[in-house]
$ cat coords32.cif   # mmCIF, C-alpha atoms; chains and numbers go by the auth columns
data_final
loop_
_atom_site.group_PDB
_atom_site.id
_atom_site.type_symbol
_atom_site.label_atom_id
_atom_site.label_comp_id
_atom_site.label_asym_id
_atom_site.label_seq_id
_atom_site.Cartn_x
_atom_site.Cartn_y
_atom_site.Cartn_z
_atom_site.B_iso_or_equiv
_atom_site.auth_seq_id
_atom_site.auth_asym_id
ATOM 1 C CA MET A 1 35.061 34.811 5.954 0.00 44 C
ATOM 2 C CA SER A 2 35.808 31.492 7.614 0.00 45 C
ATOM 3 C CA SER A 3 32.107 30.597 7.683 0.00 46 C
ATOM 4 C CA LEU A 4 32.016 30.929 3.887 0.00 47 C
ATOM 5 C CA PHE A 5 34.696 28.242 3.581 0.00 48 C
ATOM 6 C CA GLN A 6 32.824 25.995 6.008 0.00 49 C
ATOM 7 C CA LEU A 7 29.623 26.126 3.975 0.00 50 C
ATOM 8 C CA PRO A 8 30.459 23.577 1.217 0.00 51 C
ATOM 9 C CA PRO A 9 31.619 20.796 3.564 0.00 52 C
ATOM 10 C CA LEU A 10 28.705 21.408 5.941 0.00 53 C
ATOM 11 C CA TYR A 11 26.253 21.362 3.046 0.00 54 C
ATOM 12 C CA LEU A 12 27.708 18.113 1.720 0.00 55 C
ATOM 13 C CA LEU A 13 27.533 16.615 5.217 0.00 56 C
ATOM 14 C CA TRP A 14 23.852 17.578 5.470 0.00 57 C
ATOM 15 C CA HIS A 15 23.096 16.501 1.898 0.00 58 C
ATOM 16 C CA TYR A 16 24.455 12.978 2.319 0.00 59 C
ATOM 17 C CA THR A 17 23.351 12.359 5.944 0.00 60 C
ATOM 18 C CA ARG A 18 20.509 14.299 7.535 0.00 61 C
ATOM 19 C CA ALA A 19 18.706 15.222 4.309 0.00 62 C
ATOM 20 C CA TRP A 20 17.715 11.596 3.705 0.00 63 C
ATOM 21 C CA GLY A 21 15.630 11.595 6.859 0.00 64 C
ATOM 22 C CA ASP A 22 14.136 14.965 5.891 0.00 65 C
ATOM 23 C CA LEU A 23 13.184 13.591 2.477 0.00 66 C
ATOM 24 C CA VAL A 24 11.478 10.559 4.025 0.00 67 C
ATOM 25 C CA ARG A 25 9.520 12.838 6.384 0.00 68 C
ATOM 26 C CA LEU A 26 8.537 14.997 3.414 0.00 69 C
ATOM 27 C CA TYR A 27 7.266 11.935 1.541 0.00 70 C
ATOM 28 C CA ARG A 28 5.274 10.732 4.560 0.00 71 C
ATOM 29 C CA ASN A 29 3.696 14.173 4.963 0.00 72 C
ATOM 30 C CA LEU A 30 2.705 14.321 1.296 0.00 73 C
ATOM 31 C CA ALA A 31 1.304 10.774 1.372 0.00 74 C
ATOM 32 C CA TRP A 32 -0.660 11.620 4.541 0.00 75 C
ATOM 33 C CA PHE A 33 -2.007 14.726 2.823 0.00 76 C
ATOM 34 C CA LEU A 34 -3.156 12.775 -0.251 0.00 77 C
ATOM 35 C CA TRP A 35 -4.744 10.054 1.921 0.00 78 C
ATOM 36 C CA HIS A 36 -6.768 12.655 3.805 0.00 79 C
ATOM 37 C CA PHE A 37 -7.412 14.923 0.803 0.00 80 C
ATOM 38 C CA PHE A 38 -9.140 12.088 -1.017 0.00 81 C
ATOM 39 C CA SER A 39 -10.680 10.816 2.273 0.00 82 C
ATOM 40 C CA ILE A 40 -9.700 7.263 1.439 0.00 83 C
ATOM 41 C CA GLY A 41 -10.275 5.934 4.960 0.00 84 C
ATOM 42 C CA VAL A 42 -13.682 7.572 5.387 0.00 85 C
ATOM 43 C CA LEU A 43 -14.877 6.650 1.905 0.00 86 C
ATOM 44 C CA SER A 44 -13.805 3.046 2.421 0.00 87 C
ATOM 45 C CA GLN A 45 -15.907 2.818 5.571 0.00 88 C
ATOM 46 C CA THR A 46 -18.999 4.317 3.905 0.00 89 C
ATOM 47 C CA LEU A 47 -18.602 2.600 0.547 0.00 90 C
ATOM 48 C CA PHE A 48 -22.173 1.272 0.332 0.00 91 C
ATOM 49 C CA ALA A 49 -23.946 4.220 1.932 0.00 92 C
ATOM 50 C CA PRO A 50 -26.477 6.115 -0.203 0.00 93 C
ATOM 51 C CA TRP A 51 -25.130 8.999 -2.260 0.00 94 C
ATOM 52 C CA LYS A 52 -25.125 12.236 -0.225 0.00 95 C
ATOM 53 C CA ARG A 53 -27.271 10.436 2.380 0.00 96 C
ATOM 54 C CA LEU A 54 -30.290 10.623 0.124 0.00 97 C
ATOM 55 C CA TYR A 55 -32.919 7.969 0.597 0.00 98 C
ATOM 56 C CA GLU A 56 -36.485 7.409 -0.394 0.00 99 C
ATOM 57 C CA GLY A 57 -39.038 7.277 2.431 0.00 100 C
ATOM 58 C CA ARG A 58 -41.009 4.063 2.863 0.00 101 C
ATOM 59 C CA ASN A 59 -44.612 3.929 1.813 0.00 102 C
ATOM 60 C CA LYS A 60 -47.073 1.430 3.259 0.00 103 C
ATOM 61 C CA ASP A 61 -48.482 0.162 -0.001 0.00 104 C
ATOM 62 C CA THR A 62 -46.675 -2.454 -2.086 0.00 105 C
ATOM 63 C CA ALA A 63 -45.954 -0.239 -5.093 0.00 106 C
ATOM 64 C CA GLY A 64 -44.529 2.512 -2.901 0.00 107 C
ATOM 65 C CA LEU A 65 -42.391 0.040 -0.962 0.00 108 C
ATOM 66 C CA LEU A 66 -41.005 -1.518 -4.123 0.00 109 C
ATOM 67 C CA GLY A 67 -40.318 1.917 -5.620 0.00 110 C
ATOM 68 C CA SER A 68 -38.486 3.095 -2.512 0.00 111 C
ATOM 69 C CA ILE A 69 -36.392 -0.097 -2.428 0.00 112 C
ATOM 70 C CA ILE A 70 -35.391 0.392 -6.077 0.00 113 C
ATOM 71 C CA MET A 71 -34.664 4.104 -5.554 0.00 114 C
ATOM 72 C CA ASN A 72 -32.558 3.401 -2.455 0.00 115 C
ATOM 73 C CA LEU A 73 -30.668 0.697 -4.362 0.00 116 C
ATOM 74 C CA ILE A 74 -29.952 3.144 -7.203 0.00 117 C
ATOM 75 C CA LEU A 75 -28.705 5.774 -4.737 0.00 118 C
ATOM 76 C CA ARG A 76 -26.415 3.219 -3.107 0.00 119 C
ATOM 77 C CA VAL A 77 -24.991 2.182 -6.494 0.00 120 C
ATOM 78 C CA VAL A 78 -24.372 5.840 -7.400 0.00 121 C
ATOM 79 C CA GLY A 79 -22.651 6.303 -4.031 0.00 122 C
ATOM 80 C CA LEU A 80 -20.561 3.188 -4.597 0.00 123 C
ATOM 81 C CA ILE A 81 -19.435 4.402 -8.029 0.00 124 C
ATOM 82 C CA ALA A 82 -18.608 7.930 -6.823 0.00 125 C
ATOM 83 C CA ARG A 83 -16.709 6.721 -3.758 0.00 126 C
ATOM 84 C CA THR A 84 -14.848 4.011 -5.663 0.00 127 C
ATOM 85 C CA SER A 85 -13.704 6.456 -8.330 0.00 128 C
ATOM 86 C CA THR A 86 -12.527 8.942 -5.679 0.00 129 C
ATOM 87 C CA ILE A 87 -10.634 6.179 -3.859 0.00 130 C
ATOM 88 C CA CYS A 88 -9.034 5.073 -7.156 0.00 131 C
ATOM 89 C CA PHE A 89 -7.956 8.632 -7.968 0.00 132 C
ATOM 90 C CA GLY A 90 -6.486 8.899 -4.462 0.00 133 C
ATOM 91 C CA PHE A 91 -4.528 5.673 -4.819 0.00 134 C
ATOM 92 C CA PHE A 92 -3.366 6.776 -8.275 0.00 135 C
ATOM 93 C CA ALA A 93 -2.085 10.053 -6.810 0.00 136 C
ATOM 94 C CA ILE A 94 -0.233 8.171 -4.053 0.00 137 C
ATOM 95 C CA VAL A 95 1.334 5.813 -6.625 0.00 138 C
ATOM 96 C CA ILE A 96 2.461 8.795 -8.737 0.00 139 C
ATOM 97 C CA LEU A 97 3.921 10.395 -5.598 0.00 140 C
ATOM 98 C CA SER A 98 5.746 7.163 -4.699 0.00 141 C
ATOM 99 C CA VAL A 99 7.227 6.693 -8.176 0.00 142 C
ATOM 100 C CA GLY A 100 8.327 10.328 -8.267 0.00 143 C
ATOM 101 C CA PHE A 101 9.852 9.987 -4.812 0.00 144 C
ATOM 102 C CA VAL A 102 11.859 6.910 -5.812 0.00 145 C
ATOM 103 C CA LEU A 103 13.116 8.680 -8.943 0.00 146 C
ATOM 104 C CA PHE A 104 14.030 11.737 -6.868 0.00 147 C
ATOM 105 C CA LEU A 105 15.944 9.540 -4.402 0.00 148 C
ATOM 106 C CA LEU A 106 17.927 8.111 -7.308 0.00 149 C
ATOM 107 C CA VAL A 107 18.862 11.615 -8.510 0.00 150 C
ATOM 108 C CA TRP A 108 19.449 13.138 -5.045 0.00 151 C
ATOM 109 C CA PRO A 109 23.078 11.919 -4.576 0.00 152 C
ATOM 110 C CA LEU A 110 24.057 13.401 -7.961 0.00 153 C
ATOM 111 C CA LEU A 111 22.619 16.881 -7.408 0.00 154 C
ATOM 112 C CA PRO A 112 25.753 18.487 -5.864 0.00 155 C
ATOM 113 C CA ILE A 113 27.837 17.208 -8.783 0.00 156 C
ATOM 114 C CA VAL A 114 25.303 18.589 -11.274 0.00 157 C
ATOM 115 C CA VAL A 115 25.285 21.993 -9.559 0.00 158 C
ATOM 116 C CA VAL A 116 29.079 22.213 -9.571 0.00 159 C
ATOM 117 C CA GLY A 117 29.160 21.152 -13.226 0.00 160 C
ATOM 118 C CA LEU A 118 26.599 23.778 -14.201 0.00 161 C
ATOM 119 C CA LEU A 119 28.500 26.459 -12.304 0.00 162 C
ATOM 120 C CA MET A 120 31.718 25.489 -14.059 0.00 163 C
ATOM 121 C CA GLN A 121 30.009 25.433 -17.449 0.00 164 C
ATOM 122 C CA GLY A 122 28.510 28.851 -16.811 0.00 165 C
ATOM 123 C CA SER A 123 31.818 30.353 -15.706 0.00 166 C
ATOM 124 C CA ILE A 124 33.603 28.871 -18.738 0.00 167 C
ATOM 125 C CA GLY A 125 30.881 30.279 -21.001 0.00 168 C
ATOM 126 C CA VAL A 126 31.288 33.741 -19.453 0.00 169 C
ATOM 127 C CA LEU A 127 35.082 33.623 -19.826 0.00 170 C
ATOM 128 C CA ALA A 128 34.880 32.426 -23.447 0.00 171 C
ATOM 129 C CA ALA A 129 32.515 35.211 -24.490 0.00 172 C
#
$ encode --input "coords32.cif" --output "structure tokens"
Amino acid sequence: MSSLFQLPPLYLLWHYTRAWGDLVRLYRNLAWFLWHFFSIGVLSQTLFAPWKRLYEGRNKDTAGLLGSIIMNLILRVVGLIARTSTICFGFFAIVILSVGFVLFLLVWPLLPIVVVGLLMQGSIGVLAA
């Protein structure tokens, strides 16, 4: 029974001290996940590589050489567009995560008060009915 009375102060101690570090670690893990999910580092390094490593073989005559140069240029532009859009979506996801994290940090100190208020409101509603 004594451990039940220790729970609220211990929770409040955790909530206002150690939980902040846990929240920062959670944010870093989620940001790391998004960075690697969208392969931002890898795509940045291979930004101008041909799309899906496709390339046109070189022919010895002038028309074939010019055609392969144009085709390889087109494949590189397609690769650039695909990689750039994926990188932009990745950065957008990280920005959304960061904004949500800041908003959550602003609400975090108020959560115990909100929970107590909702419990009181619910118990008053039950007693009034």
$ closest_residue --input "coords32.cif" --among "C:Ile83, C:Val67, C:Leu55, C:Cys131" --to "Pro152 in chain C" --atoms "all atoms listed in the file"
C:Leu55
$ closest_residue --input "coords32.cif" --among "C:Ala125, C:Val85, C:Leu73, C:Val120" --to "Gly143 in chain C" --atoms "all atoms listed in the file"
C:Leu73
$ atom_distance --input "coords32.cif" --atom1 "CA of Val121 in chain C" --atom2 "CA of Ile137 in chain C"
24.5 Å
$ atom_distance --input "coords32.cif" --atom1 "CA of Leu69 in chain C" --atom2 "CA of Leu140 in chain C"
11.1 Å
$ closest_residue --input "coords32.cif" --among "C:Ile139, C:Leu56, C:Ile112, C:Ala92" --to "Ile124 in chain C" --atoms "all atoms listed in the file"
C:Ala92
$ closest_residue --input "coords32.cif" --among "C:Leu86, C:Trp63, C:Leu47, C:Arg71" --to "Leu149 in chain C" --atoms "all atoms listed in the file"
C:Trp63
